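Novice: Below are the structure tokens for one structure; questions will follow.
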Amino acid sequence: MIKVNSLEKSFDGFKALSDLNLNVKKGSIYGLVGTNGAGKTTLIKHVMGILKPDRGEILVEGIPVFENIPIKERMGYIPDDLYFFSTYNLKESAKFYRSVYPNWNQDRYHHMVKQFELNEKRKLSKFSKGMQKQAAFILTMSCMPDYLVLDEPIDGLDPIIRKLVWKYIVEDVAEREMTVLVSSHNLRELEGICDSIGILSKGKMMIERDLDELKSDIHKIQVAFKNPAADPYQGLNVLHRETRGTVDLLIIRNRKDTVEDVINANHPVIFDMLPLSLEEIFIYELGGGDHEIESIIF
Amino acid sequence: MSLEVEIMKSKASYFSISKPLIVENLRRFWAIPALAFLVYFLSGVFPILMSYSHLNDIASYIDLSLDNQQPFYMFAHLMFPVIAAVVIFRYLQGVSSVSVMHSMPFTRAKLYNSGFLSGLILIAAPILANGLILLAISKPVYRQYGTESGLVVEDTVNFFARADILNWIWVSLIIAFVVFAVSVFAGIVTGNSLMHFATAIWFNFLIPALYAVFVAYFSRFLYGFDTSGNWTEYGMRISPFLHVLQNDGVFGAGITVFYILSFLILYGITSFLYQKRELEHATDSLAFGFMEPIICYLITFLGMTLLGFYFEVLGRAELYFYGGLAAGTLIFFIIGQMIVKKTPRIYNMKSLKSVGIYVLIAVVFLVGLNFDVTGFERRVPAQNKIDSFTITEGFALDGKLTGYISDYPLNPGFGNNVFRLKDPDNIAAAIRLHQSFIENKERFENQENIYTTSVFLGYNPDASFPMTRRYQIDYDFYRNSPDFKQLYESREFKEYFAPANLDYVGLTEIYINSDIPNRESITLKERAEMEEFIACLNRDFMEQSFEDMVSLKHAYATANINFTYRDRNSDMPGRLLHNNATYQITPNSGWRATATADGSTTT
């Protein structure tokens, strides 16, 4: 498992991460979401042992990851901004990865190259952005990582390749108990694949929950009362409220039965309770769905 | 785990390398040694192969090459290590590359050591390969020269000896390795490849440049400061690249140890800085915040100096100099800030504060020099601290008594054209003379259009750091100085310059000519006559007064002694050279002497 405790990091006086905690369970897929500049990439770079924290610790299987070769040999990383040795093709890169990662699986590499239909001998710098991402994915997955950290992994990939990528990830999680930490702005895609979600804002972890639990605790409600009470939603955690005529539209974070009890006590004439998508949860958790936040959602 | 095991593990980790990474670096950057090999080969080995059947023709070129003074070799020694450092550590200067490389299973020490070792291999390989080829094709090569009787081969010095080739390999490796270590240091403290390249070149000459700048300030402000000799030599010595240009391509044991230690210290400091480097500074100008004022102030200081001295030349007045310093500070501080901040938006309070600090430091520095806070100008050594001293001046000593040529063949004590006086009375006179120069500062600093010369005083000249002073004095002071008189009339002094000390092998002729009209010239050809004449001159000189020795009166006769000698300090110590010493005979039977070498030779 990956555990981050009280992580703090500043860049030239700017606090990028503040008292941040993160827990990724073994064999699970953890989705990291957040606004632009929230600190997702900075957090990921700490998890990969690239950056040294100002304070706090980053543990993988209980061991600090920074400067830890045995742990890093079992970790795979695909950054948003890719890097390959200049002039190298996929085959040459694979040779280098094979010499560095002890769990390198040559059969898987050949299989994936065939499946992704990439030219092994073409210079990687001549590949399109999407093809480079595929190449990075092939190289990383061929290392058979126990921990896979992905920063915007599907950005630039076509829908078919995306499915293929997720298929590989899910299979490895299921078969080898690979642990995945993935950061993405594509919340719809994360919603379908993640076990847990962490929402990051301004360098702080706002929410970190199992996705199912998160979704079961936050509700979109349409309600209308014939004779509304002074405060019919007293005791409920209302994140957002909008009134259209006599109908109230509410986003409430609370247990489903509690919400039902409080609303029903006032005898509503209309009462619809709808599940929220991850995208909606993200919007309302981070400020009630103002336009600025909405605009960054895919 | 025991503490010992932990320490061993930590040491192992600190010096660990990654073989795959080194192999990968060699595969990726093979073009650097390939190109370097071609430069070394085509400028060094190839001309030798082209002239292999008549190598004596290019003996001088081989000598130049193996002394590392051949321009292509020097270009290669500087540029390839710099380029190797820039390309190997380029991954540190990009956001994506630095992340990917540090996410891989390498520690920072492993990345650094592997990169460093890769670089050393890349720059050593072409030098070693060329060295091996040179060793394989080496054969005796002698310099030859033409005489009236034909071409003569000087077969005492082999210019293509294996020892010379091994020395070339060793010296070249030292130069290239030190340049590489400096360049890697530059890469670790900078944040982008352009800055890396520029600072790598700059840092390689920074310390000698700063040294030269400080010497320029000292010589301008400090009365008695001597810029020549040791100061210049020390400045050049700091960089092996510069030092090799001044010493015939050989590094002594002491300086070799200094360069090896410099290399190791740079390696250690850079390794430490790599551990401390904040990777997020990739693409910035500098990777460490503390370097920003240092680099900015260095740029400002060098720029300030440049404009200060430039303005002084333009205006020849104190005000111009300080005006130049102020202008230089303003212009180069702005440039420095823009470079280190990587933005033209530097006009803010922080910059104002920073320039304020710089100005304060500069004012303290200049005021310190103006008021001689270290007491340099007033310092005179105690007599018991002086074992010997040397003195030179241009009225009589330079040219008239010691001759014009660097290897004037006087014996004994003139091997390096530096004579030493050790007599306690002479040491006391030198100290008094020194004191008199200090007391007459006002007189010597304001003299114009009068007959002056530069006097050099060097105490304990054979010590590592001798105390040296240089003053510009006038002839009147010189002629009337009791201390000069004491020195020049002392037995120790006279014995050095006596004509009997002339270290000749053979005497060709002595030609005595008078300026008095209608007097016939006399030519002595008999050895016995010539030796008798020299003995007479010697006796006259031993009895000559200081006043006569340095007088400006016109000589009524000159005696040209033509002789042959061997230049023991040259590359060809066996060669006989023609020389002639010209003694000017004054009316009081004294003489002044000059010696010239006509460069011709004889067998």
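In the structure tokens, each chain is lettered A, B, ... as it comes, each chain's residues begin at 1, and ligands are numbered from 1 in order of appearance.
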Could I get the residues of chain A with an atom no further than 10 Å from an atom of chain B, each paired with its nearest atom pair and that distance in Å to one decimal, using only C-alpha atoms, sorted by chain and residue number, as a Markdown table?
Specialist:
```
| residue | atom | partner | partner_atom | distance |
| --- | --- | --- | --- | --- |
| A:Phe11 | CA | B:Glu280 | CA | 7.9 |
| A:Asp12 | CA | B:Gly289 | CA | 8.7 |
| A:Thr42 | CA | B:Glu280 | CA | 9.4 |
| A:Lys45 | CA | B:Ser99 | CA | 7.3 |
| A:His46 | CA | B:Ser103 | CA | 9.6 |
| A:Val47 | CA | B:Ser103 | CA | 9.3 |
| A:Met48 | CA | B:Ser103 | CA | 5.6 |
| A:Gly49 | CA | B:Ser103 | CA | 6.3 |
| A:Ile50 | CA | B:His102 | CA | 5.2 |
| A:Leu51 | CA | B:Leu279 | CA | 6.8 |
| A:Lys52 | CA | B:Glu278 | CA | 7.9 |
| A:Phe66 | CA | B:Thr107 | CA | 8.3 |
| A:Glu67 | CA | B:Thr107 | CA | 4.9 |
| A:Asn68 | CA | B:Thr107 | CA | 7.1 |
| A:Ile69 | CA | B:Pro105 | CA | 4.7 |
| A:Pro70 | CA | B:Pro105 | CA | 7.3 |
| A:Ile71 | CA | B:Pro105 | CA | 7.8 |
| A:Lys72 | CA | B:Pro105 | CA | 4.8 |
| A:Glu73 | CA | B:Pro105 | CA | 5.2 |
| A:Arg74 | CA | B:Pro105 | CA | 8.5 |
| A:Met75 | CA | B:Met104 | CA | 8.3 |
| A:Gly76 | CA | B:Met104 | CA | 8.2 |
| A:Tyr77 | CA | B:Ser103 | CA | 7.1 |
| A:Ile78 | CA | B:Val100 | CA | 8.2 |
| A:Pro79 | CA | B:Val100 | CA | 7.5 |
| A:Asp80 | CA | B:Ser96 | CA | 8.4 |
| A:Asp81 | CA | B:Ser96 | CA | 5.5 |
| A:Leu82 | CA | B:Ser96 | CA | 6.0 |
| A:Tyr83 | CA | B:Ser97 | CA | 5.3 |
| A:Phe84 | CA | B:Ser97 | CA | 7.6 |
| A:Phe85 | CA | B:Arg28 | CA | 8.2 |
| A:Ser86 | CA | B:Arg28 | CA | 8.3 |
| A:Thr87 | CA | B:Arg28 | CA | 8.1 |
| A:Tyr88 | CA | B:Arg28 | CA | 8.5 |
| A:Glu92 | CA | B:Glu24 | CA | 9.6 |
| A:Ser93 | CA | B:Glu24 | CA | 9.8 |
| A:Lys95 | CA | B:Glu24 | CA | 9.6 |
| A:Phe96 | CA | B:Pro20 | CA | 7.1 |
| A:Tyr97 | CA | B:Pro20 | CA | 9.2 |
| A:Arg98 | CA | B:Pro20 | CA | 9.5 |
| A:Ser99 | CA | B:Pro20 | CA | 6.0 |
| A:Val100 | CA | B:Pro20 | CA | 6.7 |
| A:Tyr101 | CA | B:Pro105 | CA | 7.6 |
```
Novice: Next, write the just-selected residues to a file, as a CSV table (one decimal), in the first residue's frame, keeping N, CA and C atoms as the atom set.
Specialist:
```csv
chain,number,residue,atom,x,y,z
A,11,PHE,N,7.3,25.7,-2.9
A,11,PHE,CA,8.2,26.1,-4.0
A,11,PHE,C,8.4,27.6,-3.9
A,12,ASP,N,9.6,28.1,-3.6
A,12,ASP,CA,9.9,29.5,-3.5
A,12,ASP,C,8.8,30.3,-2.7
A,42,THR,N,2.5,17.3,-8.2
A,42,THR,CA,3.5,17.4,-7.2
A,42,THR,C,3.4,16.3,-6.2
A,45,LYS,N,4.7,13.2,-7.9
A,45,LYS,CA,6.2,13.2,-7.9
A,45,LYS,C,6.8,12.8,-6.5
A,46,HIS,N,6.1,13.2,-5.5
A,46,HIS,CA,6.6,12.7,-4.2
A,46,HIS,C,6.4,11.2,-4.0
A,47,VAL,N,5.2,10.7,-4.5
A,47,VAL,CA,5.0,9.3,-4.3
A,47,VAL,C,6.0,8.5,-5.1
A,48,MET,N,6.5,9.1,-6.2
A,48,MET,CA,7.5,8.3,-7.1
A,48,MET,C,8.9,8.6,-6.5
A,49,GLY,N,9.0,9.3,-5.5
A,49,GLY,CA,10.4,9.6,-4.9
A,49,GLY,C,11.2,10.5,-5.8
A,50,ILE,N,10.5,11.3,-6.6
A,50,ILE,CA,11.2,12.3,-7.4
A,50,ILE,C,11.6,13.5,-6.6
A,51,LEU,N,10.6,14.0,-5.9
A,51,LEU,CA,10.8,15.2,-5.1
A,51,LEU,C,10.9,14.8,-3.6
A,52,LYS,N,11.7,15.6,-2.9
A,52,LYS,CA,11.9,15.4,-1.5
A,52,LYS,C,11.0,16.3,-0.7
A,66,PHE,N,11.7,7.6,-1.0
A,66,PHE,CA,12.8,8.4,-1.6
A,66,PHE,C,14.1,7.7,-1.5
A,67,GLU,N,14.8,7.7,-2.6
A,67,GLU,CA,16.1,7.0,-2.7
A,67,GLU,C,16.1,5.5,-2.4
A,68,ASN,N,14.9,4.9,-2.6
A,68,ASN,CA,14.8,3.5,-2.3
A,68,ASN,C,14.7,2.7,-3.5
A,69,ILE,N,15.9,2.1,-3.9
A,69,ILE,CA,15.9,1.4,-5.2
A,69,ILE,C,15.0,0.2,-5.2
A,70,PRO,N,15.1,-0.7,-4.2
A,70,PRO,CA,14.2,-1.9,-4.3
A,70,PRO,C,12.7,-1.6,-4.5
A,71,ILE,N,12.3,-0.6,-3.8
A,71,ILE,CA,10.8,-0.2,-4.0
A,71,ILE,C,10.6,0.4,-5.4
A,72,LYS,N,11.5,1.2,-5.8
A,72,LYS,CA,11.3,1.9,-7.1
A,72,LYS,C,11.4,0.9,-8.3
A,73,GLU,N,12.1,-0.2,-8.1
A,73,GLU,CA,12.2,-1.2,-9.1
A,73,GLU,C,10.8,-1.9,-9.3
A,74,ARG,N,10.0,-1.7,-8.3
A,74,ARG,CA,8.6,-2.3,-8.4
A,74,ARG,C,7.6,-1.3,-8.7
A,75,MET,N,8.0,-0.1,-9.1
A,75,MET,CA,7.0,1.0,-9.3
A,75,MET,C,7.1,1.4,-10.8
A,76,GLY,N,6.0,1.7,-11.4
A,76,GLY,CA,6.0,2.2,-12.8
A,76,GLY,C,5.3,3.5,-12.8
A,77,TYR,N,5.8,4.4,-13.6
A,77,TYR,CA,5.3,5.8,-13.6
A,77,TYR,C,5.2,6.3,-15.1
A,78,ILE,N,4.0,6.8,-15.4
A,78,ILE,CA,3.8,7.4,-16.7
A,78,ILE,C,3.4,8.9,-16.4
A,79,PRO,N,4.3,9.8,-16.7
A,79,PRO,CA,4.0,11.2,-16.4
A,79,PRO,C,3.1,11.8,-17.5
A,80,ASP,N,2.6,12.9,-17.2
A,80,ASP,CA,1.7,13.6,-18.2
A,80,ASP,C,2.7,14.1,-19.3
A,81,ASP,N,3.8,14.6,-18.9
A,81,ASP,CA,4.8,15.1,-19.9
A,81,ASP,C,5.9,14.0,-20.0
A,82,LEU,N,5.8,13.3,-21.2
A,82,LEU,CA,6.6,12.1,-21.4
A,82,LEU,C,8.1,12.5,-21.7
A,83,TYR,N,9.0,11.6,-21.4
A,83,TYR,CA,10.4,11.8,-21.8
A,83,TYR,C,11.0,10.4,-22.2
A,84,PHE,N,11.6,10.5,-23.4
A,84,PHE,CA,12.4,9.3,-23.8
A,84,PHE,C,13.8,9.8,-24.2
A,85,PHE,N,14.7,8.9,-24.2
A,85,PHE,CA,16.1,9.3,-24.7
A,85,PHE,C,16.0,9.8,-26.1
A,86,SER,N,16.5,10.9,-26.4
A,86,SER,CA,16.4,11.4,-27.8
A,86,SER,C,17.1,10.4,-28.7
A,87,THR,N,16.6,10.3,-29.9
A,87,THR,CA,17.2,9.4,-31.0
A,87,THR,C,16.8,8.0,-30.7
A,88,TYR,N,16.2,7.6,-29.6
A,88,TYR,CA,15.9,6.2,-29.3
A,88,TYR,C,14.6,5.8,-30.0
A,92,GLU,N,15.0,0.2,-28.6
A,92,GLU,CA,16.2,0.6,-27.8
A,92,GLU,C,15.8,1.0,-26.4
A,93,SER,N,14.7,1.7,-26.3
A,93,SER,CA,14.2,2.1,-25.0
A,93,SER,C,13.9,0.8,-24.1
A,95,LYS,N,15.2,-2.0,-24.3
A,95,LYS,CA,16.5,-2.6,-23.9
A,95,LYS,C,17.0,-2.0,-22.7
A,96,PHE,N,16.9,-0.7,-22.6
A,96,PHE,CA,17.3,0.1,-21.4
A,96,PHE,C,16.4,-0.3,-20.2
A,97,TYR,N,15.1,-0.3,-20.4
A,97,TYR,CA,14.2,-0.6,-19.3
A,97,TYR,C,14.5,-2.0,-18.8
A,98,ARG,N,14.8,-2.9,-19.7
A,98,ARG,CA,15.0,-4.3,-19.4
A,98,ARG,C,16.3,-4.4,-18.5
A,99,SER,N,17.3,-3.5,-18.8
A,99,SER,CA,18.5,-3.6,-18.0
A,99,SER,C,18.3,-2.9,-16.6
A,100,VAL,N,17.3,-2.1,-16.5
A,100,VAL,CA,17.1,-1.4,-15.2
A,100,VAL,C,16.0,-2.0,-14.3
A,101,TYR,N,15.0,-2.6,-14.9
A,101,TYR,CA,13.9,-3.1,-14.1
A,101,TYR,C,14.0,-4.7,-14.1
```
Novice: Check the DSSP output for the backbone and give back, as a PDB file with C-alpha atoms, in the first residue's frame, the residues of segment 46-133 of chain A in strand (DSSP E or B).
Specialist:
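Here's the written file part-v6.pdb:
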```
ATOM      1  CA  ARG A  55       7.883  17.657   5.854  1.00  0.00           C
ATOM      2  CA  GLY A  56       5.976  14.424   6.207  1.00  0.00           C
ATOM      3  CA  GLU A  57       6.623  10.963   4.842  1.00  0.00           C
ATOM      4  CA  ILE A  58       5.750   8.858   1.827  1.00  0.00           C
ATOM      5  CA  LEU A  59       5.697   5.151   2.545  1.00  0.00           C
ATOM      6  CA  VAL A  60       5.293   2.240   0.191  1.00  0.00           C
ATOM      7  CA  ILE A  63       9.148   1.957   3.758  1.00  0.00           C
ATOM      8  CA  PRO A  64      10.128   5.493   2.683  1.00  0.00           C
ATOM      9  CA  MET A  75       7.045   0.983  -9.348  1.00  0.00           C
ATOM     10  CA  GLY A  76       5.966   2.166 -12.772  1.00  0.00           C
ATOM     11  CA  TYR A  77       5.345   5.791 -13.648  1.00  0.00           C
ATOM     12  CA  ILE A  78       3.791   7.415 -16.669  1.00  0.00           C
ATOM     13  CA  ASN A  89      13.243   3.967 -30.778  1.00  0.00           C
ATOM     14  CA  LYS A 123      12.250   6.987 -33.496  1.00  0.00           C
TER      15      LYS A 123
END
```
Novice: Which residues are close to Val165 of chain A, i.e. within 9 Å by only C-alpha atoms, leaving aside same-chain residues fewer than 3 positions away? Reply as a list in words.
Specialist: Gln134, Phe137, Pro153, Ile154, Ile160, Ile161, Arg162, Tyr168, Ile169 and Val170 of chain A
Novice: Between A:Asp54, A:Leu250, A:Ile199, A:Lys126, which one has atoms that come closest to Leu187 of chain A, using only C-alpha atoms?
Specialist: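 Of all the options, A:Ile199 lies closest to Leu187 of chain A.
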Novice: From segment 274-312 of chain B, collect each residue whose DSSP state is helix (DSSP H, G or I) and return the set as a PyMOL selection string.
Specialist: chain B and resi 274-276+279-281+291-312
Novice: Quick one: pull the distance between atom CA of Thr227 of chain B and atom CA of Leu307 of chain B, Å, one decimal.
Specialist: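 Atom-to-atom, atom CA of Thr227 of chain B and atom CA of Leu307 of chain B are spaced 20.5 Å apart.
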Novice: List the neighbours of Asn113 of chain B out to 9 Å using only C-alpha atoms; skip same-chain residues closer than 6 positions along the sequence, and give me the result as a list in words.
Specialist: Tyr14, Phe15, Ser16, Ile17, Ser18 and Ser271 of chain B
Novice: Please provide as a list in words all residues within 10 Å of segment 214-217 of chain B, with the sequence filter that same-chain residues fewer than 4 positions apart are discarded (counting only C-alpha atoms).
Specialist: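 Those residues are Pro208, Ala209, Leu210, Phe221, Leu222, Phe225, Asp226, Thr227, Ser228, Trp231, Thr232, Gly235, Thr305, Phe309, Phe365, Leu366 and Leu369 of chain B.
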Novice: For the residues in that selection, give me C-alpha atoms as a PDB file, in the first residue's frame.
Specialist:
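Produced file result_11.pdb, reproduced below:
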```pdb
ATOM      1  CA  PRO B 208      41.774  33.193 -13.078  1.00  0.00           C
ATOM      2  CA  ALA B 209      39.613  36.062 -14.407  1.00  0.00           C
ATOM      3  CA  LEU B 210      38.679  37.177 -10.895  1.00  0.00           C
ATOM      4  CA  PHE B 221      45.273  51.331  -5.788  1.00  0.00           C
ATOM      5  CA  LEU B 222      48.163  49.799  -3.851  1.00  0.00           C
ATOM      6  CA  PHE B 225      52.060  46.304  -5.833  1.00  0.00           C
ATOM      7  CA  ASP B 226      53.872  44.161  -8.388  1.00  0.00           C
ATOM      8  CA  THR B 227      51.669  42.711 -11.129  1.00  0.00           C
ATOM      9  CA  SER B 228      54.334  40.828 -12.986  1.00  0.00           C
ATOM     10  CA  TRP B 231      51.044  37.100  -9.477  1.00  0.00           C
ATOM     11  CA  THR B 232      50.450  36.397 -13.143  1.00  0.00           C
ATOM     12  CA  GLY B 235      46.647  33.357 -11.657  1.00  0.00           C
ATOM     13  CA  THR B 305      35.499  46.694 -13.435  1.00  0.00           C
ATOM     14  CA  PHE B 309      38.949  50.823 -16.341  1.00  0.00           C
ATOM     15  CA  PHE B 365      36.051  47.274  -1.123  1.00  0.00           C
ATOM     16  CA  LEU B 366      37.070  50.514  -2.839  1.00  0.00           C
ATOM     17  CA  LEU B 369      41.799  49.812  -1.173  1.00  0.00           C
TER      18      LEU B 369
END
```
Novice: Contacts of Ile62 of chain B at 9 Å or less, counting only C-alpha atoms, minus same-chain residues fewer than 3 places along, as a PyMOL selection string?
Specialist: chain B and resi 44+48+55+58-59+65-67+141+159-160
Novice: Give me a file of those residues, with N, CA and C atoms, as a PDB file, in the first residue's frame.
Specialist:
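Output contents, as saved in part-v3.pdb:
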```pdb
ATOM      1  N   GLY B  44      46.851  16.115 -34.917  1.00  0.00           N
ATOM      2  CA  GLY B  44      48.076  15.641 -34.273  1.00  0.00           C
ATOM      3  C   GLY B  44      48.737  14.485 -34.984  1.00  0.00           C
ATOM      4  N   ILE B  48      51.725  13.891 -38.653  1.00  0.00           N
ATOM      5  CA  ILE B  48      52.928  13.083 -38.394  1.00  0.00           C
ATOM      6  C   ILE B  48      53.007  11.950 -39.412  1.00  0.00           C
ATOM      7  N   LEU B  55      60.357  13.240 -40.518  1.00  0.00           N
ATOM      8  CA  LEU B  55      59.708  13.870 -39.362  1.00  0.00           C
ATOM      9  C   LEU B  55      60.499  15.040 -38.784  1.00  0.00           C
ATOM     10  N   ILE B  58      59.057  18.446 -39.197  1.00  0.00           N
ATOM     11  CA  ILE B  58      57.940  18.967 -38.373  1.00  0.00           C
ATOM     12  C   ILE B  58      58.226  18.762 -36.879  1.00  0.00           C
ATOM     13  N   ALA B  59      59.502  18.734 -36.534  1.00  0.00           N
ATOM     14  CA  ALA B  59      59.878  18.547 -35.124  1.00  0.00           C
ATOM     15  C   ALA B  59      59.240  19.613 -34.238  1.00  0.00           C
ATOM     16  N   SER B  65      52.642  20.230 -30.331  1.00  0.00           N
ATOM     17  CA  SER B  65      51.477  19.367 -30.057  1.00  0.00           C
ATOM     18  C   SER B  65      51.634  18.650 -28.730  1.00  0.00           C
ATOM     19  N   LEU B  66      52.800  18.053 -28.512  1.00  0.00           N
ATOM     20  CA  LEU B  66      52.986  17.289 -27.278  1.00  0.00           C
ATOM     21  C   LEU B  66      53.111  18.205 -26.059  1.00  0.00           C
ATOM     22  N   ASP B  67      53.390  19.486 -26.300  1.00  0.00           N
ATOM     23  CA  ASP B  67      53.374  20.461 -25.197  1.00  0.00           C
ATOM     24  C   ASP B  67      51.968  21.013 -24.968  1.00  0.00           C
ATOM     25  N   VAL B 141      62.915  11.996 -33.282  1.00  0.00           N
ATOM     26  CA  VAL B 141      62.732  13.175 -34.135  1.00  0.00           C
ATOM     27  C   VAL B 141      63.553  14.304 -33.545  1.00  0.00           C
ATOM     28  N   PHE B 159      62.241  14.878 -29.901  1.00  0.00           N
ATOM     29  CA  PHE B 159      60.952  15.549 -29.681  1.00  0.00           C
ATOM     30  C   PHE B 159      59.759  14.607 -29.782  1.00  0.00           C
ATOM     31  N   PHE B 160      59.985  13.373 -30.128  1.00  0.00           N
ATOM     32  CA  PHE B 160      58.874  12.430 -30.274  1.00  0.00           C
ATOM     33  C   PHE B 160      59.149  11.191 -29.408  1.00  0.00           C
TER      34      PHE B 160
END
```
Novice: Go through A:Lys202, A:Asp151, A:Ile29, A:Ile283 and flag the residue nearest Ala16 of chain A, using only C-alpha atoms for the distances.
Specialist: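 So, comparing all the options, the nearest one is A:Lys202.
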Novice: Kindly indicate which residue among A:Ala135, A:Val33, A:Leu124, A:Leu17 lies nearest to Val182 of chain A, using only C-alpha atoms for the distances.
Specialist: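 Ranked by minimum distance to Val182 of chain A, first place goes to A:Val33.
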Novice: Counting only C-alpha atoms, what is within 6 Å of Glu377 of chain B, bar same-chain residues fewer than 2 positions away, as a list in words?
Specialist: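 Surrounding residues, per the criterion: Tyr223, Gly375 and Arg379 of chain B.
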Novice: Distance atom CA of Glu492 of chain B-atom CA of Asp425 of chain B, one decimal place?
Specialist: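 According to the coordinates, atom CA of Glu492 of chain B and atom CA of Asp425 of chain B are separated by 10.3 Å.
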